[in-house]
Structures are given as C-alpha cells and as structure tokens.
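Q: Data file data.cif (mmCIF, C-alpha atoms) is appended below.
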```cif
data_protein
loop_
_atom_site.group_PDB
_atom_site.id
_atom_site.type_symbol
_atom_site.label_atom_id
_atom_site.label_comp_id
_atom_site.auth_asym_id
_atom_site.auth_seq_id
_atom_site.Cartn_x
_atom_site.Cartn_y
_atom_site.Cartn_z
ATOM 1 C CA MET A 16 -45.145 11.605 16.220
ATOM 2 C CA ASP A 17 -48.485 12.872 14.982
ATOM 3 C CA PRO A 18 -49.383 11.251 11.614
ATOM 4 C CA ARG A 19 -50.281 14.644 10.166
ATOM 5 C CA THR A 20 -46.933 16.088 11.179
ATOM 6 C CA LEU A 21 -45.145 13.078 9.741
ATOM 7 C CA LEU A 22 -47.074 13.376 6.486
ATOM 8 C CA ALA A 23 -46.307 17.075 6.199
ATOM 9 C CA LEU A 24 -42.642 16.386 6.880
ATOM 10 C CA LEU A 25 -42.519 13.661 4.229
ATOM 11 C CA ILE A 26 -44.246 15.912 1.708
ATOM 12 C CA GLY A 27 -41.785 18.720 2.396
ATOM 13 C CA ILE A 28 -38.783 16.409 2.053
ATOM 14 C CA SER A 29 -40.196 14.946 -1.164
ATOM 15 C CA VAL A 30 -40.750 18.390 -2.676
ATOM 16 C CA PHE A 31 -37.244 19.456 -1.712
ATOM 17 C CA LEU A 32 -35.701 16.313 -3.213
ATOM 18 C CA PHE A 33 -37.737 16.749 -6.401
ATOM 19 C CA ILE A 34 -36.596 20.355 -6.806
ATOM 20 C CA ALA A 35 -32.983 19.377 -6.059
ATOM 21 C CA CYS A 36 -33.080 16.561 -8.640
ATOM 22 C CA ALA A 37 -34.657 18.832 -11.257
ATOM 23 C CA TRP A 38 -32.016 21.456 -10.620
ATOM 24 C CA GLY A 39 -29.228 18.866 -10.842
ATOM 25 C CA MET A 40 -30.539 17.572 -14.154
ATOM 26 C CA ALA A 41 -30.725 21.116 -15.505
ATOM 27 C CA VAL A 42 -27.129 21.813 -14.431
ATOM 28 C CA VAL A 43 -25.893 18.587 -16.064
ATOM 29 C CA TYR A 44 -27.782 19.380 -19.294
ATOM 30 C CA ILE A 45 -26.453 22.947 -19.464
ATOM 31 C CA GLY A 46 -22.906 21.730 -18.744
ATOM 32 C CA ALA A 47 -23.063 19.095 -21.459
ATOM 33 C CA LYS A 48 -24.460 21.585 -23.954
ATOM 34 C CA ARG A 49 -21.758 24.127 -23.110
ATOM 35 C CA LYS A 50 -19.026 21.504 -23.434
ATOM 36 C CA SER A 51 -20.262 20.441 -26.864
ATOM 37 C CA ARG A 52 -20.337 24.074 -27.964
ATOM 38 C CA GLU A 53 -16.775 24.622 -26.722
ATOM 39 C CA GLU A 54 -15.607 21.513 -28.586
ATOM 40 C CA ALA A 55 -17.258 22.771 -31.768
ATOM 41 C CA ILE A 56 -15.558 26.167 -31.403
ATOM 42 C CA GLY A 57 -12.229 24.426 -30.739
ATOM 43 C CA GLN A 58 -12.567 22.389 -33.915
ATOM 44 C CA ARG A 59 -13.302 25.519 -35.948
ATOM 45 C CA LEU A 60 -10.283 27.338 -34.488
ATOM 46 C CA GLY A 61 -8.037 24.333 -34.936
ATOM 47 C CA ILE A 62 -7.376 23.868 -31.210
ATOM 48 C CA SER A 63 -6.664 20.338 -30.067
ATOM 49 C CA GLU A 64 -5.480 18.794 -26.831
ATOM 50 C CA ILE A 65 -2.641 16.289 -26.980
ATOM 51 C CA PRO A 66 -1.677 14.337 -23.854
ATOM 52 C CA VAL A 67 1.989 14.524 -22.804
ATOM 53 C CA GLU A 68 3.750 11.961 -20.672
ATOM 54 C CA GLY A 69 4.327 13.218 -17.136
ATOM 55 C CA SER A 70 1.717 15.967 -17.318
ATOM 56 C CA ALA A 71 -2.022 16.293 -17.312
ATOM 57 C CA GLY A 72 -1.972 17.608 -20.898
ATOM 58 C CA THR A 73 -1.102 20.458 -23.195
ATOM 59 C CA ARG A 74 -3.081 22.571 -25.587
ATOM 60 C CA THR A 75 -1.649 22.753 -29.083
ATOM 61 C CA LEU A 76 -2.354 25.969 -30.987
ATOM 62 C CA ARG A 77 -1.858 26.430 -34.721
ATOM 63 C CA LEU A 78 -0.890 30.042 -35.381
ATOM 64 C CA TRP A 79 0.228 32.117 -38.384
ATOM 65 C CA HIS A 80 3.551 33.949 -38.243
ATOM 66 C CA ASP A 81 5.367 35.593 -41.181
ATOM 67 C CA GLY A 82 3.002 33.994 -43.668
ATOM 68 C CA ARG A 83 3.460 30.437 -42.456
ATOM 69 C CA GLU A 84 1.787 28.184 -39.962
ATOM 70 C CA VAL A 85 3.437 27.794 -36.559
ATOM 71 C CA THR A 86 2.416 25.127 -34.066
ATOM 72 C CA THR A 87 3.011 25.779 -30.386
ATOM 73 C CA ALA A 88 1.994 23.882 -27.264
ATOM 74 C CA VAL A 89 0.732 25.712 -24.182
ATOM 75 C CA LEU A 90 1.046 23.784 -20.960
ATOM 76 C CA GLU A 91 -2.083 23.272 -18.944
ATOM 77 C CA GLY A 92 -2.686 21.979 -15.454
ATOM 78 C CA GLY A 93 -4.725 18.877 -14.733
ATOM 79 C CA THR A 94 -7.785 18.394 -12.593
ATOM 80 C CA ASP A 95 -7.157 19.804 -9.142
ATOM 81 C CA THR A 96 -8.042 17.896 -6.014
ATOM 82 C CA PHE A 97 -9.789 19.460 -3.049
ATOM 83 C CA THR A 98 -6.457 19.770 -1.231
ATOM 84 C CA ASP A 99 -4.907 21.612 -4.182
ATOM 85 C CA ARG A 100 -7.831 24.024 -4.423
ATOM 86 C CA PHE A 101 -7.796 24.632 -0.668
ATOM 87 C CA ALA A 102 -4.034 25.215 -0.710
ATOM 88 C CA ARG A 103 -4.377 27.681 -3.604
ATOM 89 C CA LYS A 104 -7.181 29.474 -1.782
ATOM 90 C CA CYS A 105 -5.084 29.829 1.367
ATOM 91 C CA ARG A 106 -2.106 30.975 -0.691
ATOM 92 C CA ASP A 107 -4.239 33.580 -2.473
ATOM 93 C CA ALA A 108 -5.458 34.797 0.918
ATOM 94 C CA GLY A 109 -1.879 35.341 2.047
ATOM 95 C CA PHE A 110 -1.695 32.635 4.721
ATOM 96 C CA GLU A 111 1.868 31.510 5.348
ATOM 97 C CA ALA A 112 0.998 28.579 7.624
ATOM 98 C CA PRO A 113 1.028 25.038 6.158
ATOM 99 C CA VAL A 114 -2.252 23.683 4.835
ATOM 100 C CA LYS A 115 -2.358 20.919 7.444
ATOM 101 C CA THR A 116 -1.996 23.481 10.233
ATOM 102 C CA ILE A 117 -4.880 25.534 8.828
ATOM 103 C CA ILE A 118 -7.097 22.453 8.504
ATOM 104 C CA LEU A 119 -6.288 21.406 12.067
ATOM 105 C CA GLY A 120 -7.079 24.926 13.268
ATOM 106 C CA ILE A 121 -10.464 24.868 11.551
ATOM 107 C CA ALA A 122 -11.239 21.426 12.968
ATOM 108 C CA GLY A 123 -10.195 22.570 16.431
ATOM 109 C CA GLY A 124 -12.391 25.673 16.215
ATOM 110 C CA MET A 125 -15.387 23.625 15.080
ATOM 111 C CA CYS A 126 -14.886 21.071 17.873
ATOM 112 C CA GLY A 127 -14.475 23.841 20.449
ATOM 113 C CA ALA A 128 -17.640 25.618 19.312
ATOM 114 C CA PHE A 129 -19.514 22.310 19.299
ATOM 115 C CA ALA A 130 -18.406 21.475 22.874
ATOM 116 C CA ILE A 131 -19.110 24.958 24.282
ATOM 117 C CA ILE A 132 -22.600 25.264 22.776
ATOM 118 C CA LEU A 133 -23.442 21.702 23.777
ATOM 119 C CA LEU A 134 -22.468 22.404 27.394
ATOM 120 C CA LEU A 135 -24.337 25.719 27.503
ATOM 121 C CA THR A 136 -27.562 24.676 25.788
ATOM 122 C CA GLY A 137 -27.584 20.879 25.915
ATOM 123 C CA SER A 138 -28.920 20.876 22.339
ATOM 124 C CA LEU A 139 -27.154 18.757 19.750
ATOM 125 C CA MET A 140 -28.698 20.725 16.891
ATOM 126 C CA ALA A 141 -27.456 24.048 18.280
ATOM 127 C CA ALA A 142 -23.956 22.572 18.728
ATOM 128 C CA LEU A 143 -23.907 21.328 15.125
ATOM 129 C CA ALA A 144 -25.138 24.715 13.937
ATOM 130 C CA ALA A 145 -22.347 26.438 15.879
ATOM 131 C CA SER A 146 -19.678 24.251 14.283
ATOM 132 C CA ILE A 147 -21.124 24.968 10.838
ATOM 133 C CA VAL A 148 -21.134 28.695 11.619
ATOM 134 C CA VAL A 149 -17.425 28.508 12.492
ATOM 135 C CA MET A 150 -16.660 26.842 9.166
ATOM 136 C CA MET A 151 -18.780 29.325 7.204
ATOM 137 C CA GLY A 152 -17.218 32.235 9.088
ATOM 138 C CA PHE A 153 -13.726 31.052 8.153
ATOM 139 C CA ARG A 154 -14.796 30.715 4.533
ATOM 140 C CA MET A 155 -16.187 34.261 4.504
ATOM 141 C CA PHE A 156 -12.972 35.566 6.084
ATOM 142 C CA VAL A 157 -10.862 33.788 3.456
ATOM 143 C CA ASN A 158 -13.027 35.147 0.622
ATOM 144 C CA ILE A 159 -12.655 38.694 1.942
ATOM 145 C CA LYS A 160 -8.870 38.302 2.148
ATOM 146 C CA VAL A 161 -8.724 36.762 -1.333
ATOM 147 C CA ASN A 162 -10.756 39.603 -2.869
ATOM 148 C CA LYS A 163 -8.522 42.247 -1.280
ATOM 149 C CA ARG A 164 -5.345 40.547 -2.438
ATOM 150 C CA ARG A 165 -6.827 39.921 -5.885
ATOM 151 C CA ASN A 166 -7.515 43.623 -6.387
ATOM 152 C CA LEU A 167 -3.978 44.425 -5.232
ATOM 153 C CA PHE A 168 -2.575 41.686 -7.483
ATOM 154 C CA GLU A 169 -4.349 43.006 -10.569
ATOM 155 C CA SER A 170 -3.068 46.551 -10.110
ATOM 156 C CA GLN A 171 0.474 45.356 -9.325
ATOM 157 C CA LEU A 172 0.526 42.995 -12.317
ATOM 158 C CA VAL A 173 -0.254 45.839 -14.710
ATOM 159 C CA ASP A 174 2.537 47.953 -13.205
ATOM 160 C CA ALA A 175 4.953 45.008 -13.350
ATOM 161 C CA LEU A 176 4.229 44.304 -17.021
ATOM 162 C CA GLU A 177 4.600 47.970 -17.941
ATOM 163 C CA LEU A 178 7.950 48.002 -16.150
ATOM 164 C CA ALA A 179 9.015 44.804 -17.926
ATOM 165 C CA ALA A 180 7.976 46.236 -21.307
ATOM 166 C CA ARG A 181 10.072 49.365 -20.736
ATOM 167 C CA SER A 182 12.970 47.164 -19.676
ATOM 168 C CA LEU A 183 12.700 45.165 -22.897
ATOM 169 C CA ARG A 184 12.606 48.406 -24.891
ATOM 170 C CA VAL A 185 16.033 49.417 -23.594
ATOM 171 C CA GLY A 186 17.545 46.057 -24.523
ATOM 172 C CA HIS A 187 17.258 43.860 -21.428
ATOM 173 C CA PRO A 188 16.466 40.155 -21.975
ATOM 174 C CA LEU A 189 13.209 38.711 -20.761
ATOM 175 C CA PRO A 190 14.698 37.135 -17.579
ATOM 176 C CA GLY A 191 16.301 40.506 -16.789
ATOM 177 C CA ALA A 192 12.939 42.234 -17.213
ATOM 178 C CA PHE A 193 11.336 39.711 -14.856
ATOM 179 C CA ARG A 194 14.152 40.264 -12.335
ATOM 180 C CA LEU A 195 13.615 44.026 -12.456
ATOM 181 C CA ALA A 196 9.890 43.525 -11.858
ATOM 182 C CA SER A 197 10.595 41.257 -8.895
ATOM 183 C CA GLU A 198 12.910 43.867 -7.362
ATOM 184 C CA GLU A 199 10.724 46.924 -7.920
ATOM 185 C CA ILE A 200 7.237 45.486 -7.307
ATOM 186 C CA ALA A 201 6.174 44.423 -3.822
ATOM 187 C CA ALA A 202 4.452 41.155 -2.885
ATOM 188 C CA PRO A 203 2.463 39.286 -4.108
ATOM 189 C CA VAL A 204 3.397 40.015 -7.757
ATOM 190 C CA GLY A 205 7.072 40.617 -7.031
ATOM 191 C CA VAL A 206 7.357 37.236 -5.337
ATOM 192 C CA ILE A 207 5.886 35.454 -8.362
ATOM 193 C CA PHE A 208 8.338 37.056 -10.796
ATOM 194 C CA GLY A 209 11.157 36.336 -8.363
ATOM 195 C CA ASN A 210 10.199 32.656 -8.323
ATOM 196 C CA ILE A 211 10.158 32.584 -12.127
ATOM 197 C CA VAL A 212 13.664 34.061 -12.275
ATOM 198 C CA GLN A 213 14.904 31.665 -9.599
ATOM 199 C CA GLN A 214 13.551 28.613 -11.430
ATOM 200 C CA GLN A 215 15.087 29.824 -14.683
ATOM 201 C CA GLU A 216 18.483 30.190 -12.995
ATOM 202 C CA LEU A 217 18.188 26.638 -11.664
ATOM 203 C CA GLY A 218 17.831 25.269 -15.200
ATOM 204 C CA VAL A 219 14.066 25.209 -15.688
ATOM 205 C CA PRO A 220 13.037 26.465 -19.161
ATOM 206 C CA LEU A 221 11.571 29.950 -18.985
ATOM 207 C CA ASP A 222 8.290 29.010 -20.652
ATOM 208 C CA GLN A 223 7.825 26.131 -18.222
ATOM 209 C CA ALA A 224 8.560 28.391 -15.236
ATOM 210 C CA VAL A 225 6.009 30.931 -16.437
ATOM 211 C CA SER A 226 3.431 28.204 -17.048
ATOM 212 C CA GLN A 227 3.998 26.768 -13.568
ATOM 213 C CA ALA A 228 3.546 30.190 -11.963
ATOM 214 C CA ALA A 229 0.265 30.682 -13.833
ATOM 215 C CA ALA A 230 -0.954 27.200 -12.882
ATOM 216 C CA GLU A 231 -0.361 27.906 -9.188
ATOM 217 C CA SER A 232 -2.300 31.182 -9.321
ATOM 218 C CA SER A 233 -6.033 31.765 -9.683
ATOM 219 C CA SER A 234 -5.586 35.045 -11.562
ATOM 220 C CA ASP A 235 -7.018 35.027 -15.077
ATOM 221 C CA ASP A 236 -4.807 37.975 -16.015
ATOM 222 C CA LEU A 237 -1.663 36.062 -15.051
ATOM 223 C CA LYS A 238 -2.846 33.049 -17.078
ATOM 224 C CA LEU A 239 -3.458 35.350 -20.052
ATOM 225 C CA PHE A 240 0.018 36.828 -19.698
ATOM 226 C CA ALA A 241 1.629 33.391 -19.346
ATOM 227 C CA THR A 242 -0.104 32.093 -22.472
ATOM 228 C CA ALA A 243 0.960 35.153 -24.478
ATOM 229 C CA VAL A 244 4.577 34.882 -23.287
ATOM 230 C CA ILE A 245 4.784 31.155 -24.046
ATOM 231 C CA ILE A 246 3.389 31.632 -27.546
ATOM 232 C CA GLN A 247 5.715 34.576 -28.179
ATOM 233 C CA ILE A 248 8.793 32.662 -26.959
ATOM 234 C CA ARG A 249 8.078 29.661 -29.164
ATOM 235 C CA SER A 250 6.874 31.478 -32.283
ATOM 236 C CA GLY A 251 9.004 34.647 -32.076
ATOM 237 C CA GLY A 252 8.058 38.301 -32.174
ATOM 238 C CA ASN A 253 8.415 41.583 -30.327
ATOM 239 C CA LEU A 254 8.017 40.842 -26.624
ATOM 240 C CA ALA A 255 7.720 44.514 -25.641
ATOM 241 C CA ASP A 256 4.815 45.108 -28.043
ATOM 242 C CA MET A 257 3.168 41.913 -26.838
ATOM 243 C CA MET A 258 3.389 43.004 -23.188
ATOM 244 C CA GLU A 259 1.952 46.427 -23.988
ATOM 245 C CA ARG A 260 -0.981 44.813 -25.773
ATOM 246 C CA VAL A 261 -1.527 42.447 -22.834
ATOM 247 C CA VAL A 262 -1.479 45.419 -20.462
ATOM 248 C CA ALA A 263 -4.105 47.169 -22.589
ATOM 249 C CA VAL A 264 -6.290 44.045 -22.482
ATOM 250 C CA MET A 265 -5.862 43.789 -18.698
ATOM 251 C CA ARG A 266 -6.859 47.434 -18.210
ATOM 252 C CA ASP A 267 -9.988 46.868 -20.283
ATOM 253 C CA ARG A 268 -10.784 43.753 -18.244
ATOM 254 C CA GLN A 269 -10.376 45.667 -15.000
ATOM 255 C CA ARG A 270 -12.675 48.448 -16.186
ATOM 256 C CA LEU A 271 -15.250 45.859 -17.213
ATOM 257 C CA SER A 272 -14.834 44.046 -13.886
ATOM 258 C CA ARG A 273 -15.508 47.246 -11.930
ATOM 259 C CA ARG A 274 -18.593 47.893 -14.025
ATOM 260 C CA VAL A 275 -19.796 44.328 -13.454
ATOM 261 C CA ARG A 276 -19.329 44.693 -9.684
ATOM 262 C CA VAL A 277 -21.495 47.803 -9.760
ATOM 263 C CA LEU A 278 -24.209 46.019 -11.745
ATOM 264 C CA ILE A 279 -24.357 43.002 -9.432
ATOM 265 C CA ALA A 280 -24.133 45.040 -6.205
ATOM 266 C CA GLN A 281 -27.940 45.065 -5.938
ATOM 267 C CA THR A 282 -28.073 41.289 -6.342
ATOM 268 C CA GLN A 283 -25.462 40.821 -3.637
ATOM 269 C CA PHE A 284 -27.327 43.134 -1.272
ATOM 270 C CA SER A 285 -30.597 41.298 -1.958
ATOM 271 C CA LYS A 286 -28.880 37.993 -1.194
ATOM 272 C CA GLN A 287 -27.576 39.290 2.112
ATOM 273 C CA VAL A 288 -30.992 40.630 3.125
ATOM 274 C CA LEU A 289 -32.877 37.477 2.148
ATOM 275 C CA LEU A 290 -30.407 35.283 4.022
ATOM 276 C CA SER A 291 -30.259 37.447 7.142
ATOM 277 C CA LEU A 292 -34.042 37.857 7.578
ATOM 278 C CA PRO A 293 -34.897 34.229 8.530
ATOM 279 C CA ILE A 294 -31.789 33.910 10.688
ATOM 280 C CA GLY A 295 -32.522 37.169 12.489
ATOM 281 C CA MET A 296 -36.165 36.202 13.020
ATOM 282 C CA PHE A 297 -35.122 32.816 14.397
ATOM 283 C CA VAL A 298 -32.721 34.414 16.896
ATOM 284 C CA LEU A 299 -35.275 37.040 17.870
ATOM 285 C CA LEU A 300 -37.975 34.450 18.571
ATOM 286 C CA ASN A 301 -35.551 32.467 20.715
ATOM 287 C CA LEU A 302 -34.763 35.558 22.762
ATOM 288 C CA MET A 303 -38.378 36.674 23.133
ATOM 289 C CA ASN A 304 -40.116 33.360 23.832
ATOM 290 C CA ARG A 305 -37.827 30.385 24.284
ATOM 291 C CA GLU A 306 -40.656 28.065 25.337
ATOM 292 C CA TYR A 307 -42.409 28.683 22.038
ATOM 293 C CA MET A 308 -39.320 27.439 20.131
ATOM 294 C CA GLN A 309 -38.704 24.353 22.265
ATOM 295 C CA PRO A 310 -40.651 21.956 19.957
ATOM 296 C CA LEU A 311 -38.071 22.656 17.265
ATOM 297 C CA TYR A 312 -35.342 21.333 19.539
ATOM 298 C CA ASN A 313 -37.084 18.606 21.530
ATOM 299 C CA THR A 314 -39.053 16.792 18.820
ATOM 300 C CA SER A 315 -37.763 14.854 15.852
ATOM 301 C CA GLY A 316 -40.129 16.728 13.527
ATOM 302 C CA GLY A 317 -38.831 20.090 14.720
ATOM 303 C CA GLN A 318 -35.238 18.981 14.280
ATOM 304 C CA GLY A 319 -36.017 17.809 10.755
ATOM 305 C CA ILE A 320 -37.551 21.220 10.007
ATOM 306 C CA LEU A 321 -34.405 22.952 11.259
ATOM 307 C CA ILE A 322 -32.205 20.747 9.093
ATOM 308 C CA ALA A 323 -34.406 21.331 6.049
ATOM 309 C CA ALA A 324 -34.413 25.097 6.681
ATOM 310 C CA ALA A 325 -30.625 25.186 6.958
ATOM 311 C CA CYS A 326 -30.244 23.155 3.763
ATOM 312 C CA MET A 327 -32.627 25.424 1.862
ATOM 313 C CA LEU A 328 -30.795 28.536 3.104
ATOM 314 C CA LEU A 329 -27.460 27.142 1.940
ATOM 315 C CA PHE A 330 -28.939 26.068 -1.372
ATOM 316 C CA GLY A 331 -30.521 29.500 -1.869
ATOM 317 C CA ALA A 332 -27.225 31.224 -1.046
ATOM 318 C CA TRP A 333 -25.442 29.033 -3.604
ATOM 319 C CA VAL A 334 -28.044 29.743 -6.306
ATOM 320 C CA MET A 335 -27.992 33.509 -5.736
ATOM 321 C CA SER A 336 -24.191 33.517 -5.748
ATOM 322 C CA LYS A 337 -24.175 31.703 -9.102
ATOM 323 C CA LEU A 338 -26.722 34.145 -10.517
ATOM 324 C CA ALA A 339 -24.469 37.044 -9.558
ATOM 325 C CA VAL A 340 -21.424 35.648 -11.409
ATOM 326 C CA ILE A 341 -20.827 37.048 -14.877
ATOM 327 C CA LYS A 342 -18.169 35.293 -16.931
ATOM 328 C CA TYR A 343 -16.430 37.283 -19.618
#
```
Have the structure of the file written as structure tokens, please.
A:
Amino acid sequence: MDPRTLLALLIGISVFLFIACAWGMAVVYIGAKRKSREEAIGQRLGISEIPVEGSAGTRTLRLWHDGREVTTAVLEGGTDTFTDRFARKCRDAGFEAPVKTIILGIAGGMCGAFAIILLLTGSLMAALAASIVVMMGFRMFVNIKVNKRRNLFESQLVDALELAARSLRVGHPLPGAFRLASEEIAAPVGVIFGNIVQQQELGVPLDQAVSQAAAESSSDDLKLFATAVIIQIRSGGNLADMMERVVAVMRDRQRLSRRVRVLIAQTQFSKQVLLSLPIGMFVLLNLMNREYMQPLYNTSGGQGILIAAACMLLFGAWVMSKLAVIKY
C-alpha cells in the first residue's frame, strides 16, 4: 500500500475514533448529570426505591389522602435483557411467531443474501453489506408496524378507559369494567384487559395483574394508567373519576404527540435525504463506471474506506434520530 494512502487512512481512523470517544464522554457526562438531578427531585418529592425479594424492585410513594399520609408501593420491572426487549418489540409489532423463529428467520435471510451477493459479485464487502441491509430492512419494517399499532393502541386505550369509567359509574366492580372493555374493544387493547381479568380469576391480585400488563407493554399511557389504578386501589378513592382524569391526560398527551410529530417532520425528512444521497451516489457510480469503483473493492485501503463510510452513516443516522426525539 502507498505510504501516503496508509497515512491518510490512519489519520481518518484516528479522527473518527477521537470524535467517537468525545461523543461517548459527553453522553456519559449528560447521563450522570441527569441521574443526579432525578435523584435530587426524588428526594424532594419523598420518592424512594426499596428492593423486594423476588422482584427487581418497587417504588414507594408517600401520598396524602383524607388529611393523612398514605404509603403505597408501585411495582416496577427490572433491567431488561436484549432478548426481552426484542420479544417486546416483536409483540408490539403484532408478530405471533415465537422469538426464536423470528431470530432464525432473520439469520437465514442474512445468510441467504450474503451467499447470493457473494456468488454474483465475488466481493466479500458487497456480501456483508447485503446482509446488513437485510437486518436494517427488517428493523425498519418492525418500526413501521410498531408505530401503526401504537397509534391504534393509543386510540383504543382511551375508548376502553372511557367505557370502563361509565361501567364503574353504573355500579360494576373494577374487574367487571375490565371484562366489559375486553369484550367490546378489539385487539390489541381488548386482549390486554382480557389477560388482566383472566389472571385475576386465577388468583393473582388485581394490582399485580395490572402492573404485569404494563411491564410487558411499551406504552407510556398504559404505564400511567397502571400506576394510577394501583395507587387508587391501595389508597382508596373514586375509580371512575380517576379514570376520567387519566383519559383527559392521555388526550392531552396525544394532542401534544401529534404536534411534536409535525415539528420534527422536517428533521426526519432531512435525515432521510442526507442518508440517501451518499448511498444513491455510490450506486449510481457503480452503474455508470464500474472500473472506476474497483479500487474500493480490490484494495485494502478502499475496503477500509467503505467500512468507515458505512460506520459514519450509521452513526449519523443514530445521532439525527436522537436529535429528533422529544421527551415529555
């Protein structure tokens, strides 16, 4: 390899590693600062976490009810593993196949794409890129399915809670209100309330069944509802009024979420354009003049450039995705 090419490659890798390390240090610093701020807020509000045997932990809240202090514990899930997160993602997307079957299908698709591209082009880099494209394509497909089902879930959850509140108004107990919601509301919300009722009939405490349903879902609205129900069950109060207030909060959150999606639409479009331009130019150059692009495939320096370019594209996509997320 030419010494100048090697030097340029080393300089580029060094700059990339320096930027990556600086970014990692900034993320760690911001995370530590945010955690300390959350702990300070928790101390002011009187929120503490007490470990419980057999579970990852609970959050103990000190509330005021009828002029006296009431302490209640809200169950929380522990740290999820990659398998748990992947299973929840597939469940949110509506896949009914087992997680192992889905993983084997992805692995088979990646191996098939790798073998086909390797036989057609004879390039190891192109075969690796094809397998990565298959994995990224599956991830995009899952995200699209999750977003569609999430929008449906949010609208159905509001309808289900309104129905449950009306049921409580006429004198039905809380399990009866959940049963009515499971019978009148279609999947996916109806299935969740049906599972809660089924667990309660099998002897599981109602608050624990609700907490388990919220822990298995990625919906913030369902977690908010579960927390409110658990607190109301343990401290007492009007469940119908509580559900109506939760519904009002959910409607406000949905309006804010739609407004946020409109505000970040330009950022999402910019991300798509910036990511598609280098990929489109690379494909176009390969179609127009393949001989001109051969050094990228046949030389170690060219292969290193391709790897660095792919890493920078992925890193840029991750950064722009994080910039477009607004937490509220």
Q: Using only C-alpha atoms, determine which residues lie at most 12 Å from Asn210 in chain A, disregarding the query and same-chain residues fewer than 2 positions distant; provide the list as a PyMOL selection string.
A: chain A and resi 190+193-194+196-198+202-208+212-217+219+221+224-229+231
Q: Could you dump the residues just selected with C-alpha atoms as a compact mmCIF listing (two decimals), in the coordinates of the input?
A:
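Result written to again31.txt:
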```
# COMPACT_ATOMS: atom_id res chain seq x y z
CA PRO A 190 14.70 37.14 -17.58
CA PHE A 193 11.34 39.71 -14.86
CA ARG A 194 14.15 40.26 -12.34
CA ALA A 196 9.89 43.52 -11.86
CA SER A 197 10.60 41.26 -8.90
CA GLU A 198 12.91 43.87 -7.36
CA ALA A 202 4.45 41.16 -2.88
CA PRO A 203 2.46 39.29 -4.11
CA VAL A 204 3.40 40.02 -7.76
CA GLY A 205 7.07 40.62 -7.03
CA VAL A 206 7.36 37.24 -5.34
CA ILE A 207 5.89 35.45 -8.36
CA PHE A 208 8.34 37.06 -10.80
CA VAL A 212 13.66 34.06 -12.28
CA GLN A 213 14.90 31.66 -9.60
CA GLN A 214 13.55 28.61 -11.43
CA GLN A 215 15.09 29.82 -14.68
CA GLU A 216 18.48 30.19 -13.00
CA LEU A 217 18.19 26.64 -11.66
CA VAL A 219 14.07 25.21 -15.69
CA LEU A 221 11.57 29.95 -18.98
CA ALA A 224 8.56 28.39 -15.24
CA VAL A 225 6.01 30.93 -16.44
CA SER A 226 3.43 28.20 -17.05
CA GLN A 227 4.00 26.77 -13.57
CA ALA A 228 3.55 30.19 -11.96
CA ALA A 229 0.26 30.68 -13.83
CA GLU A 231 -0.36 27.91 -9.19
```
Q: Could you expand the PyMOL selection byres ((chain A and resi 244-255) around 7) into the explicit residues it covers here, written as a list in words?
A: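 Selection result, ordered by chain and number: Val85, Thr87, Val89, Ala180, Leu183, Arg184, Asp222, Phe240, Ala241, Thr242, Ala243, Asp256, Met257, Met258 and Glu259 of chain A.
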Q: Could you list, as a list in words, every residue within 8 Å of Ala142 in chain A, counting only C-alpha atoms and ignoring same-chain residues fewer than 3 positions away?
A: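 Using only C-alpha atoms, the neighbours found are Ala128, Phe129, Ala130, Ile131, Ile132, Leu133, Ser138, Leu139, Ala145 and Ser146 of chain A.
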Q: Can those selected residues be exported to a file as a compact mmCIF listing (two decimals), keeping the file's coordinate frame so that it contains C-alpha atoms?
A:
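Here's the written file selection_37.txt:
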```txt
# COMPACT_ATOMS: atom_id res chain seq x y z
CA ALA A 128 -17.64 25.62 19.31
CA PHE A 129 -19.51 22.31 19.30
CA ALA A 130 -18.41 21.48 22.87
CA ILE A 131 -19.11 24.96 24.28
CA ILE A 132 -22.60 25.26 22.78
CA LEU A 133 -23.44 21.70 23.78
CA SER A 138 -28.92 20.88 22.34
CA LEU A 139 -27.15 18.76 19.75
CA ALA A 145 -22.35 26.44 15.88
CA SER A 146 -19.68 24.25 14.28
```
Q: Interatomic distance between CA of Ile56 in chain A and CA of Trp38 in chain A?
A: 26.9 Å
Q: How far is it from CA of Pro293 in chain A to CA of Leu143 in chain A, in Å with one decimal?
A: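 Atom-to-atom, CA of Pro293 in chain A and CA of Leu143 in chain A are spaced 18.2 Å apart.
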Q: What gap, in Å, lies between CA of Gln287 in chain A and CA of Ser336 in chain A?
A: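 Rounded to one decimal, the two atoms are 10.3 Å apart.
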Q: Evaluate the PyMOL selection byres ((chain A and resi 269) around 12) against this structure - the residues, as a list in words, please.
A: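 Matching residues under the PyMOL selection byres ((chain A and resi 269) around 12) are Arg165, Asn166, Leu167, Phe168, Glu169, Ser170, Leu172, Val173, Asp235, Asp236, Val262, Ala263, Val264, Met265, Arg266, Asp267, Arg268, Arg270, Leu271, Ser272, Arg273, Arg274, Val275, Arg276 and Tyr343 of chain A.
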Q: For Ser285 in chain A, which residue out of A:Ala141, A:Ile121, A:Leu338, A:Ala323 is the nearest one, using only C-alpha atoms?
A: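 Of the candidates, the smallest distance to Ser285 in chain A is held by A:Leu338.
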Q: Can you tell me which residues surround Leu289 in chain A at a distance of at most 12 Å, considering all atoms listed in the file, apart from same-chain residues fewer than 4 positions away, and format the answer as a list of chain:residue names?
A: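 Answer for this query is A:Thr282, A:Gln283, A:Phe284, A:Ser285, A:Pro293, A:Ile294, A:Gly295, A:Met296, A:Leu328, A:Leu329, A:Gly331, A:Ala332, A:Met335.
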Q: Given all atoms listed in the file as the basis, pick out the residue of A:Ser51, A:Ser232, A:Asn304, A:Gln309 nearest to Arg103 in chain A.
A: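 Nearest candidate to Arg103 in chain A out of A:Ser51, A:Ser232, A:Asn304, A:Gln309: A:Ser232.
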Q: Tell me which of A:Leu278, A:Leu195, A:Val161, A:Ile322 sits closest to Arg106 in chain A, counting all atoms listed in the file.
A: A:Val161
Q: Which one is closest to Gly123 in chain A: A:Ser29, A:Met150, A:Glu111, A:Gly39? Count only C-alpha atoms.
A: A:Met150
Q: List the neighbours of Arg19 in chain A out to 12 Å using only C-alpha atoms; skip same-chain residues closer than 6 positions along the sequence, and give me the result as a VMD selection string.
A: chain A and resid 25 to 26 316
Q: How would the residues just chosen look if you wrote them out with C-alpha atoms as a CSV table (one decimal), keeping the file's coordinate frame?
A:
```csv
chain,number,residue,atom,x,y,z
A,25,LEU,CA,-42.5,13.7,4.2
A,26,ILE,CA,-44.2,15.9,1.7
A,316,GLY,CA,-40.1,16.7,13.5
```
Q: Could the centre and edge lengths of an axis-aligned box, enclosing all atoms of range 242-247 of chain A in the file with 8 Å extra on each side, be given in Å to one decimal as lines of an AutoDock Vina configuration file?
A:
```
center_x = 2.8
center_y = 33.2
center_z = -25.3
size_x = 21.8
size_y = 20.0
size_z = 21.7
```
Q: Nearest residue to Gly319 in chain A out of A:Phe101, A:Met140, A:Gly152, A:Ile200, using all atoms listed in the file?
A: A:Met140
